[in-house]
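S.K.: This structure is in structure tokens; I'll ask about it shortly.
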Amino acid sequence: MIIQGIAAAPGIVIGRALVKKNDQLRYERRTVGETESAAEVGRFQRSVQASLQELEAIQEKTRLGIGEEEAKIFEAHQLFLQDPDFIGSIEEKIRGEGVNAEAALEEVRDQFVLLFESMENEYMRERAADLRDVSQRVLRNLLGVKEDAESGFSDPMVLVVHDLTPSDTAQLDREKVKGFLTDIGGRTSHSAIMARTMEIPAVVGLSTVTEQVQTGDLVIVDGLEGKVHIKPDPDLIQAYEEKQRQYAEKKETWNRLVHESTVTKDGKRVELAANIGNPQEAAQALASGAEAVGLFRTEFLYMGRDQFPTEDEQFEAYKAAAQAMGGRPVVIRTLDIGGDKELSYLSLPKELNPFLGYRAIRLCLDRPELFRTQLRALLRASVYGNIKIMYPMIATLGELRRANRMLEEAKEELQRNQIPFQTDLKVGIMIEVPAAAMIADQLAKEVDFFSIGTNDLIQYMMAADRMNEQVSYLYDPYHPAVLRMIRQVIQAAHQEGKWVGMCGEMAGEEAAIPILLGLGLDEFSMSAVSILRSRHLLKQLDHSEMRAVAEHVLSMENGEEIRAYIKEQVLSKL
Amino acid sequence: MLTKSFTIQNPSGLHARPASLFVQKATSYPCNIYVIKGTKKINGKSIMGLMTLGAAKGDEIILEIDGEREQQAMDELGSLLEAVHE
């Protein structure tokens with residue numbers, strides 16, 4: 001049997017499945033007598049104590065293995081288990097209603113989860129997930145089920161779960177877990193990002209994989225195409241072993257390119273950069289062969305906390321990223337928040353169309369105190385490396401000028417206080433609003449570079465919400481309209497002698513790279529894992545040939561035709 | 001029993017970090033501590049209670065403290081409510 005999901009992390013695994021289901025924790029609700037209820041409360045308290053000890057150990061392990069921020073999740077979990085309201089209500093329920101501890105725990109948990117979820121803010125919904133996670137831990141201890149369900153299996157093993165909770169993720173044993181499959185999630189979900197970082201092949205969004213696979217079943221995880229084969233026949237296994245071998249070989253070829261520059265067959269030099277979300281990822285990007293950071297999303301500094309990051313906190317993060325990259329360029333995007341990405345402490349009104357609303361540069365220009373803090377931090381960090389500033393979502397010349405004016409003011413302020421910064425710091429903008437693409441010739445005169453953000457640009461051009469499955473057919477990076485607009489942006493920039501990068505998903509797509517090269521793109525920025533594969537491809541391409549190919553596909557009628565042409569006429573001939 | 005009213009000064013309200021500081025302090029006192037906002041009254045030693053209170057900047061909060069060292073608790077917890085966490 002084969003099921004299709006979303007390819008979350010590349011690679012192929014053939015192995016036995018371990019299905020982790022919550023129904024391992026099945027119990028019956030029963031009533032206990034008055035005499036027994038005291039013992040039941042004691043049993044509950046011992047489980048809470050055991051859980052607290054586990055959490056302390058996980059917190060330490062996470063702190064050492066993953067990071068300080070991630071470890072804080074487990075601090076919150078411990079606070080929940082010390083909460084007199086939560087713990088007290090459960091104990092009261094055991095005594096008052098004479099129910100067993102398991103039932104009391106779950107019933108009280110549900111009340112609190114409901115309370116958190118009804119608060120309708122992102123931050124509180126996350127707390128609801130934490131509360132479920134921590135309650136599950138206590139329940140497991142009550143039922144005496146061992147946590148380490150991964151043991152007892154021979155390598156390799158494929159973990160099959162409904163979703164990965166924070167504590168699951170933190171505890172994944174890379175030696176034992178060779179791949180994982182989940183019912184829910186998408187390419188950008190927490191578990192998918194973790195999988196790519198940990199280099200564990202994964203397919204997510206399989207909807208009912210936990211129902212379709214039994215523990216012990218042989219499965220094939222195809223993290224390249226997002227397919228899962230359940231109980232494959234010997235022929236298929238053989239075919240996949242071959243595919244696996246080929247992929248390993250390819251990876252080895254790619255890995256040899258880690259210190260090489262990216263030059264096409266006919267000598268055209270382009271830059272391969274990485275998209276990162278925090279300073280630690282800069283080091284990973286470098287190890288994956290990145291020549292630059294093409295997009296540093298600064299949102300992480302602002303999210304998952306309860307107040308704005310201070311100027312110093314930001315300064316340290318930008319400095320760390322710049323230093324990690326040595327003298328290589330680090331393009332830092334100013335705050336892109338608002339719309340669908342909310343901050344609990346920045347109480348923004350609900351909007352009818354968040355993607356078309358009060359977000360990114362619009363919000364920053366409207367909240368100068370917030371923007372100024374970030375600009376000062378960026379300027380201060382600029383002396384530690386090669387930082388470039390990039391404004392998101394620019395739609396008009398006026399916005400660009402206002403942002404630049406604020407940057408000038410920040411510079412003057414630093415100068416007055418004799419704080420050093422890079423005086424010829426380069427400033428660019430994201431091209432992600434069609435209006436900006438149309439006036440790219442005007443904008444190009446006042447910036448140092450462009451970076452095309454295809455994820456949003458396509459959505460705005462096609463007027464199709466990229467999260468809406470019903471209109472997903474319109475969300476097509478290969479649509480001639482999209483490609484023509486990219487060409488126009490690149491031409492406008494080159495006319496002014498400015499360079500153009502791309503930092504959307506499209507920049508790392510195998511079929512898009514030949515076209516983008518042909519259109520003259522100077523910098524390709526993608527997730528670090530795609531860099532070496534892309535370098536391998538670019539080194540086999542001929543720039544002048546791709547120029548002709550790009551011109552040719554631009555006259556085609558639809559994306560499907562274009563993709564097919566690239567596959568047949570370019571990729572298959574390499 | 002003491003009661004006193006305070007106004008939240010922190011720009012991001014009484015969210016996780018200030019709330020957990022408050023709870024940790026509250027727990028160190030032997031007295032009963034209640035936090036009242038409008039018609040809601042919650043146990044000041046409960047992180048969940050405090051978080052679900054959803055107190056924002058400018059909100060008026062009443063502390064009701066009863067027991068040993070209540071004056072000291074009132075002073076210390078009150079200043080936490082009015083502190084600005086940066």
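Numbering starts fresh at 1 for the residues of each chain in the structure tokens, the chains themselves are lettered A, B, ... in the order given, and ligands are numbered from 1 as they appear.
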At a cut-off of 12 Å, using only C-alpha atoms, what residues contact Glu60 in chain B? Leave out same-chain residues fewer than 4 positions from it and give the result as a VMD selection string.
M.R.: chain B and resid 4 to 9 13 to 14 35 to 40 53 to 56 78 81 to 82
S.K.: Keeping only N, CA, C and O atoms, write those residues as a PDB file, in the first residue's frame.
M.R.:
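Output contents, as saved in result-v3.pdb:
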ATOM      1  N   LYS B   4      -5.678  45.970  48.192  1.00  0.00           N
ATOM      2  CA  LYS B   4      -5.116  47.187  47.606  1.00  0.00           C
ATOM      3  C   LYS B   4      -5.187  47.066  46.090  1.00  0.00           C
ATOM      4  O   LYS B   4      -5.106  45.965  45.539  1.00  0.00           O
ATOM      5  N   SER B   5      -5.330  48.223  45.453  1.00  0.00           N
ATOM      6  CA  SER B   5      -5.477  48.207  44.003  1.00  0.00           C
ATOM      7  C   SER B   5      -4.200  48.704  43.316  1.00  0.00           C
ATOM      8  O   SER B   5      -3.525  49.608  43.808  1.00  0.00           O
ATOM      9  N   PHE B   6      -3.878  48.077  42.200  1.00  0.00           N
ATOM     10  CA  PHE B   6      -2.684  48.447  41.442  1.00  0.00           C
ATOM     11  C   PHE B   6      -3.032  48.557  39.950  1.00  0.00           C
ATOM     12  O   PHE B   6      -4.023  47.987  39.506  1.00  0.00           O
ATOM     13  N   THR B   7      -2.178  49.262  39.215  1.00  0.00           N
ATOM     14  CA  THR B   7      -2.392  49.355  37.769  1.00  0.00           C
ATOM     15  C   THR B   7      -1.193  48.726  37.056  1.00  0.00           C
ATOM     16  O   THR B   7      -0.044  49.039  37.379  1.00  0.00           O
ATOM     17  N   ILE B   8      -1.490  47.824  36.114  1.00  0.00           N
ATOM     18  CA  ILE B   8      -0.415  47.150  35.375  1.00  0.00           C
ATOM     19  C   ILE B   8       0.320  48.175  34.505  1.00  0.00           C
ATOM     20  O   ILE B   8      -0.303  48.905  33.730  1.00  0.00           O
ATOM     21  N   GLN B   9       1.631  48.212  34.630  1.00  0.00           N
ATOM     22  CA  GLN B   9       2.437  49.185  33.881  1.00  0.00           C
ATOM     23  C   GLN B   9       3.187  48.545  32.714  1.00  0.00           C
ATOM     24  O   GLN B   9       3.595  49.216  31.780  1.00  0.00           O
ATOM     25  N   GLY B  13       1.627  43.637  29.397  1.00  0.00           N
ATOM     26  CA  GLY B  13       0.677  43.082  30.343  1.00  0.00           C
ATOM     27  C   GLY B  13       1.294  42.049  31.255  1.00  0.00           C
ATOM     28  O   GLY B  13       2.507  41.993  31.435  1.00  0.00           O
ATOM     29  N   LEU B  14       0.415  41.219  31.819  1.00  0.00           N
ATOM     30  CA  LEU B  14       0.872  40.230  32.805  1.00  0.00           C
ATOM     31  C   LEU B  14       1.047  38.886  32.118  1.00  0.00           C
ATOM     32  O   LEU B  14       0.367  37.926  32.416  1.00  0.00           O
ATOM     33  N   VAL B  35      -5.890  37.395  43.319  1.00  0.00           N
ATOM     34  CA  VAL B  35      -5.740  38.474  42.345  1.00  0.00           C
ATOM     35  C   VAL B  35      -7.103  38.690  41.698  1.00  0.00           C
ATOM     36  O   VAL B  35      -7.709  37.738  41.199  1.00  0.00           O
ATOM     37  N   ILE B  36      -7.570  39.916  41.742  1.00  0.00           N
ATOM     38  CA  ILE B  36      -8.924  40.197  41.246  1.00  0.00           C
ATOM     39  C   ILE B  36      -8.859  41.193  40.088  1.00  0.00           C
ATOM     40  O   ILE B  36      -8.221  42.238  40.180  1.00  0.00           O
ATOM     41  N   LYS B  37      -9.479  40.792  38.988  1.00  0.00           N
ATOM     42  CA  LYS B  37      -9.619  41.735  37.875  1.00  0.00           C
ATOM     43  C   LYS B  37     -11.070  41.719  37.452  1.00  0.00           C
ATOM     44  O   LYS B  37     -11.575  40.689  37.012  1.00  0.00           O
ATOM     45  N   GLY B  38     -11.725  42.843  37.616  1.00  0.00           N
ATOM     46  CA  GLY B  38     -13.157  42.906  37.295  1.00  0.00           C
ATOM     47  C   GLY B  38     -13.923  41.902  38.141  1.00  0.00           C
ATOM     48  O   GLY B  38     -13.834  41.908  39.365  1.00  0.00           O
ATOM     49  N   THR B  39     -14.596  40.976  37.484  1.00  0.00           N
ATOM     50  CA  THR B  39     -15.371  39.996  38.235  1.00  0.00           C
ATOM     51  C   THR B  39     -14.609  38.693  38.440  1.00  0.00           C
ATOM     52  O   THR B  39     -15.113  37.771  39.065  1.00  0.00           O
ATOM     53  N   LYS B  40     -13.394  38.640  37.906  1.00  0.00           N
ATOM     54  CA  LYS B  40     -12.611  37.405  38.039  1.00  0.00           C
ATOM     55  C   LYS B  40     -11.720  37.463  39.267  1.00  0.00           C
ATOM     56  O   LYS B  40     -11.038  38.457  39.513  1.00  0.00           O
ATOM     57  N   LEU B  53      -6.056  35.230  33.250  1.00  0.00           N
ATOM     58  CA  LEU B  53      -6.644  36.504  33.634  1.00  0.00           C
ATOM     59  C   LEU B  53      -6.502  37.521  32.499  1.00  0.00           C
ATOM     60  O   LEU B  53      -7.328  38.413  32.343  1.00  0.00           O
ATOM     61  N   GLY B  54      -5.452  37.348  31.717  1.00  0.00           N
ATOM     62  CA  GLY B  54      -5.241  38.220  30.551  1.00  0.00           C
ATOM     63  C   GLY B  54      -5.126  39.696  30.891  1.00  0.00           C
ATOM     64  O   GLY B  54      -5.690  40.540  30.210  1.00  0.00           O
ATOM     65  N   ALA B  55      -4.390  40.020  31.959  1.00  0.00           N
ATOM     66  CA  ALA B  55      -4.270  41.422  32.365  1.00  0.00           C
ATOM     67  C   ALA B  55      -3.334  42.178  31.432  1.00  0.00           C
ATOM     68  O   ALA B  55      -2.216  41.750  31.189  1.00  0.00           O
ATOM     69  N   ALA B  56      -3.805  43.307  30.893  1.00  0.00           N
ATOM     70  CA  ALA B  56      -3.012  44.102  29.956  1.00  0.00           C
ATOM     71  C   ALA B  56      -2.591  45.406  30.622  1.00  0.00           C
ATOM     72  O   ALA B  56      -3.071  45.750  31.714  1.00  0.00           O
ATOM     73  N   GLY B  78       2.782  43.880  44.964  1.00  0.00           N
ATOM     74  CA  GLY B  78       2.254  45.088  44.338  1.00  0.00           C
ATOM     75  C   GLY B  78       3.288  45.744  43.447  1.00  0.00           C
ATOM     76  O   GLY B  78       2.997  46.147  42.311  1.00  0.00           O
ATOM     77  N   LEU B  81       3.546  43.937  40.233  1.00  0.00           N
ATOM     78  CA  LEU B  81       2.459  44.247  39.294  1.00  0.00           C
ATOM     79  C   LEU B  81       2.725  45.565  38.568  1.00  0.00           C
ATOM     80  O   LEU B  81       2.366  45.723  37.412  1.00  0.00           O
ATOM     81  N   GLU B  82       3.360  46.478  39.277  1.00  0.00           N
ATOM     82  CA  GLU B  82       3.574  47.799  38.676  1.00  0.00           C
ATOM     83  C   GLU B  82       4.936  47.920  38.013  1.00  0.00           C
ATOM     84  O   GLU B  82       5.274  48.957  37.450  1.00  0.00           O
TER      85      GLU B  82
END
S.K.: Name all residues at most 7 Å from Ala17 in chain A (count only C-alpha atoms; drop same-chain ones fewer than 4 positions away) and give them as a list in words.
M.R.: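 Here the answer would be Met157, Val158, Leu159, Val160, Thr215, Gly216, Asp217, Leu218 and Val219 of chain A.
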S.K.: Counting only C-alpha atoms, which residues of chain B come no farther than 12 Å from chain A, as a VMD selection string?
M.R.: chain B and resid 10 to 21 23 to 24 26 to 27 32 to 34 42 to 57 84 to 86
S.K.: Mind the document's chain letters and residue numbers, and return as number ranges by chain the residues of range 8-217 of chain A that DSSP labels helix (DSSP H, G or I).
M.R.: A: 22-25, 34-65, 68-81, 84-97, 101-117, 122-142, 166-171, 190-198, 209-212
S.K.: So that I can see what lies close to range 91-96 of chain A, please list as a PyMOL selection string the residues with an atom at most 10 Å from it, counting only C-alpha atoms and leaving out residues fewer than 3 positions away in the same chain.
M.R.: chain A and resi 31-38+40-42+44-45+84-88+99-105+107-108
S.K.: Would you return as a PyMOL selection string the members of range 219-315 of chain A that DSSP assigns to strand (DSSP E or B) on this structure's backbone?
M.R.: chain A and resi 219-222+227-230+262-263+269-276+292-297
S.K.: What's the separation between CA of Ile184 in chain A and CA of Leu206 in chain A, in Å to one decimal place?
M.R.: 6.4 Å
S.K.: In Å to one decimal, how far is CA of Gln212 in chain A from CA of Phe180 in chain A?
M.R.: 14.4 Å
